[in-house]
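First comes the structure, then the notes that go with it.
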Amino acid sequence: MRDALYALATVMLLTGCFKDEPLNAECDILEAMVAVDHPGQVFFHESDTLVHVNSDVSTIQFVVRRSADLTRLAPRFVLTEGATISPASGSAHDFSQGPVSYVVTSQDGQWNRRYDVAFQPVSVTVTDTVRYDFEHYRLDDNYQKFYVWYEQDADGTQQSLWASGNGGFFIANQSKTAEDYPTVPAEGGVDGGLCVRLMTLDTGPLGRSTGRPIAAGNLFLGTFNTSIALRDALHATEMGIPFTQQPSKLTGYYRYQPGAEFKNKQQVTIPNRTDSADVYAVLYRNHDEQGQPVVLYGDNVLTSPLIVSRARMDYVKPVDEWTPFEIPFQQVAAIDEELLQGRGYSLALVFAASIHGDTFEGAIGSTLYIDKVRIICTHDE
């Protein structure tokens, strides 16, 4: 009897020493993937079957061929620990009529999050000129605090091709209104419509305390990863979208005035130095030699060995009136036409109010307006 009581006491003591770990409250999709019998008939590249999902997005989009059969596809998902998803991961659905909504519930059952999963059919570009007029914008999906731009197809489909550093500015200035961000829509475009205004702004006490005293207004083709903006600003800018024609010229209209005082990252005024804007585009191979997908970032978008063609404005002259620009692309490496048609290249197109804004140097108040941008392409049937 004494031995039994001793054993019971030991069990109770050990039980008291171990406390249950709290259940996970996260409810995110980390990766989405699709397996099909003949990937080449559905996707352009094998890597297109996998999407890494940033924490600040709620729409997951797979790019597929225009002829792909979308009536029975079964995406699978990697979730945060312990989370569940409905409909079930790996269940088949008809995506031909639009996105399918999934709800992820956290392990503790207290939180859930909705994702829309879509398959976007894409065809090879056949026009000689790609036009960007910046007429379409909305508040961001997650925070409803700053503006984002999109292109609209003839059938009304929205394509989120554009990104900016507005998401990074939001982290340090959450009380600001949408009009107070570095990149905003503006009236008074070239033809009286809308244009985009990029302005270099002070990031406030939090920005200065983290060594990021300014935010240069920017707009670029690609995505911005808000989740790493404070930790690694240069790699938060994921630049480029697949492009299927060979660009020959970058044209458009601009207005620009630099701010009054140029300051370095330590916020020391540099006498006799004037800020300048930046306008450029690069075409680059979007897969490496091992066939792995590649994206260029703020630290290598102008220097990567994968770049095959480049266009950059030498000097953005300050002007108050709308002024046309025309910049030829300089080819720096051979372009594989078959690879080009197969979406094996991406185009990065970048506008910034301060040329050294990526290193947090520039002049508060530097302002660049951009409108009626065109990529003139060589035509090859």
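Going by the structure tokens order, chains are called A, B, ..., each with residues numbered from 1, while ligands are numbered from 1 in the order shown.
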
So which residues touch range 321-333 of chain A within 6 Å, counting only C-alpha atoms, skipping near sequence neighbours fewer than 3 positions away, as a list in words? Ser248, Lys249, Leu250, Thr251, Gly252, Tyr253, Tyr254, Arg255, Val308, Ser309, Arg310 and Ala311 of chain A

Mind writing the picked residues with N, CA and C atoms as a PDB file, in the first residue's frame?
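Saved to out-v6.pdb:
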```
ATOM      1  N   SER A 248      12.383  47.236 -77.001  1.00  0.00           N
ATOM      2  CA  SER A 248      13.385  48.047 -77.701  1.00  0.00           C
ATOM      3  C   SER A 248      13.478  49.470 -77.152  1.00  0.00           C
ATOM      4  N   LYS A 249      12.354  50.010 -76.634  1.00  0.00           N
ATOM      5  CA  LYS A 249      12.367  51.371 -76.084  1.00  0.00           C
ATOM      6  C   LYS A 249      11.403  51.476 -74.906  1.00  0.00           C
ATOM      7  N   LEU A 250      11.780  52.323 -73.957  1.00  0.00           N
ATOM      8  CA  LEU A 250      10.929  52.698 -72.834  1.00  0.00           C
ATOM      9  C   LEU A 250      10.577  54.164 -73.010  1.00  0.00           C
ATOM     10  N   THR A 251       9.277  54.481 -73.096  1.00  0.00           N
ATOM     11  CA  THR A 251       8.861  55.864 -73.286  1.00  0.00           C
ATOM     12  C   THR A 251       7.806  56.245 -72.244  1.00  0.00           C
ATOM     13  N   GLY A 252       7.561  57.535 -72.130  1.00  0.00           N
ATOM     14  CA  GLY A 252       6.544  58.020 -71.200  1.00  0.00           C
ATOM     15  C   GLY A 252       6.688  59.512 -70.988  1.00  0.00           C
ATOM     16  N   TYR A 253       6.015  59.997 -69.935  1.00  0.00           N
ATOM     17  CA  TYR A 253       6.067  61.407 -69.583  1.00  0.00           C
ATOM     18  C   TYR A 253       6.365  61.536 -68.094  1.00  0.00           C
ATOM     19  N   TYR A 254       7.067  62.614 -67.750  1.00  0.00           N
ATOM     20  CA  TYR A 254       7.392  62.820 -66.335  1.00  0.00           C
ATOM     21  C   TYR A 254       7.412  64.310 -65.998  1.00  0.00           C
ATOM     22  N   ARG A 255       7.285  64.605 -64.700  1.00  0.00           N
ATOM     23  CA  ARG A 255       7.576  65.900 -64.086  1.00  0.00           C
ATOM     24  C   ARG A 255       8.388  65.612 -62.842  1.00  0.00           C
ATOM     25  N   VAL A 308      19.636  40.616 -69.549  1.00  0.00           N
ATOM     26  CA  VAL A 308      19.977  40.522 -70.974  1.00  0.00           C
ATOM     27  C   VAL A 308      19.759  41.841 -71.702  1.00  0.00           C
ATOM     28  N   SER A 309      18.962  42.741 -71.126  1.00  0.00           N
ATOM     29  CA  SER A 309      18.709  44.031 -71.770  1.00  0.00           C
ATOM     30  C   SER A 309      18.360  45.051 -70.695  1.00  0.00           C
ATOM     31  N   ARG A 310      18.794  46.308 -70.931  1.00  0.00           N
ATOM     32  CA  ARG A 310      18.648  47.323 -69.887  1.00  0.00           C
ATOM     33  C   ARG A 310      18.360  48.690 -70.514  1.00  0.00           C
ATOM     34  N   ALA A 311      17.457  49.465 -69.874  1.00  0.00           N
ATOM     35  CA  ALA A 311      17.183  50.854 -70.290  1.00  0.00           C
ATOM     36  C   ALA A 311      17.143  51.711 -69.034  1.00  0.00           C
TER      37      ALA A 311
END
```

Give me the residues within 9 Å of range 190-201 of chain A as a ChimeraX atom specification, counting only C-alpha atoms and dropping any in the same chain fewer than 5 places off. /A:133-136,181-185,213-219,253-254,259,322,351-354,357,362-372

Write out, as CSV, each residue of range 133-226 of chain A that has an atom at most 12 Å from range 283-299 of chain A, together with the closest pair of atoms and their distance in Å to one decimal, counting only C-alpha atoms, rows going by chain and rising number.
```
residue,atom,partner,partner_atom,distance
A:Ser164,CA,A:Gly298,CA,12.0
A:Gly165,CA,A:Gly298,CA,11.4
A:Asn218,CA,A:Gly298,CA,11.7
A:Phe220,CA,A:Gly298,CA,10.7
A:Leu221,CA,A:Leu296,CA,11.2
A:Gly222,CA,A:Val295,CA,9.1
A:Thr223,CA,A:Tyr297,CA,10.1
A:Phe224,CA,A:Tyr297,CA,10.0
A:Asn225,CA,A:Tyr297,CA,11.0
```

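Taking the backbone of this structure through DSSP, the residues of range 14-96 of chain A that come out as alpha helix (DSSP H) are Leu14, Thr15, Gly16, Cys17, Pro39, Gly40, Gln41 and Val42 of chain A.
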
Check the DSSP output for the backbone and give back, as a ChimeraX atom specification, the residues of range 55-265 of chain A in strand (DSSP E or B). /A:59-65,73,76-79,84-86,93,100-105,112-122,129-132,137-139,147-149,151-152,158-159,162-163,183-187,194-199,201-202,214-215,218-224,237-239,241-242,246-257,262-263

Excluding Thr129 in chain A and its own-chain neighbours fewer than 2 positions away, which residues fall within 8 Å of it when counting only C-alpha atoms? Please give them as a PyMOL selection string. chain A and resi 127+131+374-377
